[in-house]
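Down below is the structure, laid out as structure tokens.
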Amino acid sequence: MSSRPELKLDDEIGFIKTYHQLEANKNHETVRIFDRGDWLSAHGDDALLIARVQYKTTSVIKTLGRSPGLPSVTMTWTAYKSFLREAIFRLGKRVEVLQTSGGRNQWKVVKQASPGNLQDVEDELGGNIDSSPIILAVKVSAKATEARHVGVCFADASVRELGVSEFADNDIYSNFESLLIQLGVRECLLQIDGTKKDAELHKLRTIADNCGCAVSERPQSDFGNRDIEQDLERLLRDERAAGTLPQTDLKLAMSSAAALIKYLGVMTDPTNFGQYQLYQHDLSQYMKLDSSALKALNLMPGPKDGSKTMNLYGLLNHCKTPVGSRLLAQWLKQPLMSLEEIERRQQLVEAFVNDTELRQTLQEEHLRSIPDLYRLAKKFQRKKANLEDVVRAYQVAIRLPGFVGTFEGVMDEAYKDTLDTEYTNKLRSYCDSFAKLQEMVETTVDLDALENHEFVIKSEFDDGLRVIRKKLDKLRYDMDKEHNRVGDDLNQDTEKKLFLENQRVHGWCFRLTRNEASAIRNKKRYTELSTQKNGVFFTTQAMTEMRREFDQLSENYNRTQSGLVNEVVNVAASYCPVIEKLAGVLAHLDVIVSFAHVSVHAPTSYVRPKVHPRGTGNTVLTEARHPCMEMQDDVSFITNDVSLSRSDSEFLIITGPNMGGKSTYIRQIGVIALMAQIGCFVPCTEAELTIFDCILARVGASDSQLKGVSTFMAEMLETANILKTATRESLVIIDELGRGTSTYDGFGLAWAISEHIIQEIGAFTMFATHFHELTALKDTFPQVQNLHVVAHIGDSDGDTTMSGGTGNHRREVTLLYKVVPGISDQSFGIHVAELVRFPQKVVNMAKRKADELEDFSGKHDEGSQGVQASKEEVEEGSRLLKETLVEWKAQVEAEELSKEQQTTRMRELVMANEALLANPFFHSIKAL
């Protein structure tokens with residue numbers, strides 16, 4: 001902790017007074033940090049938060065003033081950057097950095113950052129931001145009992161676009177949840193009303209929390225849309241008046257736009273005027289996903305993922321550019337609903353799957369050298385670019401002919417037109433657009449100086465520059481002479497052991513490798529500067545003087561060239577629209593090539609699925625695999641076939657042993673459906689799929705207790721979402737249901753929910769369950785199919801006599817992970833306990849109690865007179881009773897019998913059936 005700056009203020013009392021005045025209007029979600037030049041400070045609750053999060057101890061807290069005093073903490077810039085990442089990405093906080101303006105205790109906010117708005121702090125975050133931070137404002141109108149209207153406005157703060165959408169929603173806001181997931185929203189602005197707790201806003205906050213969005217509460221006044229048309233007229237690139245745009249009819253969305261524009265401070269930056277575009281987002285153009293499906297399908301990296309292939313994003317992300325990785329994250333949350341779009345992507349993936357040389361050349365030679373073009377364009381737009389950024393844009397421009405040449409070399413006519421339309425023609429036109437930029441940079445920038453990481457204007461452009469350059473060249477020549485002299489004096493090789501470097505902190509100096517560091521020890525003519533991993537930095541008197549002169553001349557050079565640099569940067573800034581369009585094309589190319597790479601390099605190659613038009617066709621997968629599971633070490637994946645077909649196998653009930661693979665089986669179908677609808681190939685040997693409008697899941701509620709929701713309640717909420725959102729074209733995945741309550745209640749709910757989905761909704765459904773009785777649904781509904789996971793049961797000789805056994809042998813259960821038609825009538829839960837080495841006494845007791853419970857239905861104290869039925873007798877009795885009931889129903893309907901006559905007829909039919917009367921199972925249920 002000794003490296004922490006000391007807390008020293010010239011005017012403590014004055015600062016404390018100013019701090020409390022500032023604090024009066026601060027939002028509780030905001031952390032305020034005071035920039036004091038070489039160090040930073042935070043105070044009050046913010047200081048306590050930083051102490052806990054950054055330093056993991058409150059001992060770093062110092063107190064300003066007297067009782068009670070103001071808790072305070074200091075930070076170096078390194079500690080601040082570390083805290084900034086934690087505060088924004090993990091805690092979802094808003095951060096403000098303040099600097100003094102004018103007087104000693106006059107502070108103003110100079111930087112603002114939040115999970116959805118990182119523009120001011122991108123440099124501090126190091127640019128390692130994995131997805132575009134989308135920020136969204138929402139306003140709802142919920143006057144009627146059922147109909148809710150939702151209006152949103154959203155933006156990626158690094159791109160000058162505003163998206164709006166307005167739609168009807170149900171009482172659990174499932175469309176709003178889908179929208180948050182589709183867009184990958186990081187921060188959600190909600191309106192607050194200080195006078196009352198609004199139940200609807202509480203629902204929106206809960207949904208945002210479930211989707212991993214930070215919530216920022218804004219006053220009602222921010223959502224006023226009185227000035228929105230006027231603001232849009234100034235912001236939009238479109239020459240038409242904002243009032244004539246169709247989007248401005250969306251009143252709720254416009255209120256949200258007003259709040260978002262104010263929150264981002266867009267109107268305070270004149271460079272934004274006339275630069276924005278407004279577009280309308282159509283919720284129905286993409287498959288809808290809920291937060292449960294996101295977790296069930298492992299779409300995005302989770303905190304516990306051991307390897308990157310444990311989630312679909314990590315598995316598919318072989319992108320070489322930052323813009324490609326971000327687009328992949330977006331595509332995963334926006335599976336397509338258009339067959340034409342899906343097939344276009346498939347055709348492109350197929351081209352790169354079949355042309356290995358094309359794929360490898362693009363990945364290894366071209367794409368890996370492309371910087372983050374969206375962020376580069378943003379620097380130009382915000383007037384923060386320098387000559388280095390101009391050179392970056394130039395380096396991209398000179399690489400484009402290489403891309404075009406690679407595509408022109410494609411000989412396969414089957415793909416040439418598709419590739420030309422999507423990539424070659426566009427890249428060729430960008431080459432032409434950049435020609436002038438390329439010419440300007442080659443004429444004005446000293447490209448030879450790039451080797452020394454110097455970004456300067458050519459000296460020929462100005463007489464003053466020419467004079468300074470001559471002196472700098474002379475100095476470099478003298479430095480090289482000094483380098484050789486020191487090498488001779490120390491007897492060190494100047495190419496392998498002793499280096500002349502322009503070090504970031506020390507400027508021009510010498511570096512010796514650590515093994516040779518002893519050569520300068522105890523020699524007064526050499527001054528040691530620092531020791532680092534790569535060696536010891538030192539200097540001489542002559543080098544110090546030359547470095548000082550070099551720095552002075554370099555400063556003069558930069559001052560003299562600054563006017564020219566500004567001109568060059570301004571010209572380069574005019575290429576922003578082309579840079580942004582190029583970024584979009586290269587990101588698309590990067591993701592498609594990544595899909596092809598994964599499809600080819602999987603343990604077994606993926607195949608192109610046949611996709612049927614929406615609302616038609618079946619889903620039939622041959623030898624399907626889970627793409628993430630098959631990549632795990634020591635896993636030999638067992639493939640399974642899948643058939644979901646209308647009126648024949650719409651609703652699959654999967655039973656079988658614990659750990660037998662039921663969950664993997666049903667989830668892999670969801671993953672494959674999603675992969676097909678983003679245009680990727682799929683892990684099967686053959687595949688045909690229908691287009692699903694949404695994937696809904698109910699798969700466990702492990703983290704709900706932390707939010708004060710019981711497992712059962714979370715289960716019911718997820719199921720309610722399925723019942724209200726699913727349509728006939730949806731895919732529903734249910735992995736266990738009803739476990740959080742009594743067996744009878746759980747089974748009753750599972751049966752009722754299943755029957756509702758089958759009869760009322762008709763969605764394709766996979767239901768993995770331990771309620772084996774649920775399999776009886778097949779007797780009533782022909783579209784239900786029963787499947788089970790195979791477990792091989794064998795007897796092996798052993799020394800232990802197990803409880804319930806008949807000799808010195810025990811059952812051995814081998815899980816085969818194969819899914820086959822039919823019913824499994826056992827769960828093998830106790831076998832799992834044996835696998836994890838439960839004490840033998842506990843296992844024996846469990847088996848004894850399980851046997852007692854299984855027999856319980858046949859052991860009623862008085863009514864059954866001790867009658868017990870075997871499994872065969874139960875099956876026979878059930879069959880006879882069903883036949884009798886069918887016959888009774890037919891007679892009742894044909895003769896239109898009264899209630900009393902119906903009862904009499906039933907008694908007559910039963911008494912006439914000798915086989916039924918003799919059946920022990922019938923006697924046991926008759927006694928109930």
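Scheme for the structure tokens: letters A, B, ... for chains in order shown; per-chain residue numbers from 1; ligand numbers from 1 in order shown.
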
I'd like a table as JSON lines: residues in segment 265-349 of chain A with an atom no more than 12 Å from segment 396-415 of chain A, each row giving the shortest atom pair and its distance in Å to one decimal, only C-alpha atoms counted, sorted by chain and rising residue number.
{"residue": "A:Arg344", "atom": "CA", "partner": "A:Tyr415", "partner_atom": "CA", "distance": 10.8}
{"residue": "A:Arg345", "atom": "CA", "partner": "A:Tyr415", "partner_atom": "CA", "distance": 11.8}
{"residue": "A:Gln346", "atom": "CA", "partner": "A:Tyr415", "partner_atom": "CA", "distance": 11.2}
{"residue": "A:Gln347", "atom": "CA", "partner": "A:Tyr415", "partner_atom": "CA", "distance": 7.5}
{"residue": "A:Leu348", "atom": "CA", "partner": "A:Tyr415", "partner_atom": "CA", "distance": 7.5}
{"residue": "A:Val349", "atom": "CA", "partner": "A:Tyr415", "partner_atom": "CA", "distance": 10.1}

Now that the selection is made, can you save its residues with C-alpha atoms as a CSV table (one decimal), in the first residue's frame?
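File produced: part.csv:
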chain,number,residue,atom,x,y,z
A,344,ARG,CA,-27.3,-16.2,-48.4
A,345,ARG,CA,-25.1,-16.6,-45.3
A,346,GLN,CA,-25.0,-20.4,-45.8
A,347,GLN,CA,-23.8,-20.0,-49.4
A,348,LEU,CA,-21.0,-17.7,-48.3
A,349,VAL,CA,-19.9,-20.1,-45.5

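Checking A:Ile13, A:Leu7, A:Val467, A:Leu289 one by one against Arg66 of chain A, counting only C-alpha atoms, you find the shortest gap at A:Ile13.
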
>> At a cut-off of 7 Å, using only C-alpha atoms, what residues contact Thr655 of chain A? Leave out same-chain residues fewer than 2 positions from it and give the result as a PyMOL selection string.
In response: chain A and resi 653+768-770+772+787-789+823-824

> Do you know which residues are at most 10 Å from segment 196-206 of chain A counting only C-alpha atoms, after dropping those on the same chain fewer than 3 positions away, and could you put them as a PyMOL selection string?
Replying inline: chain A and resi 138-142+148+171-173+176-177+188-193+209-217+707
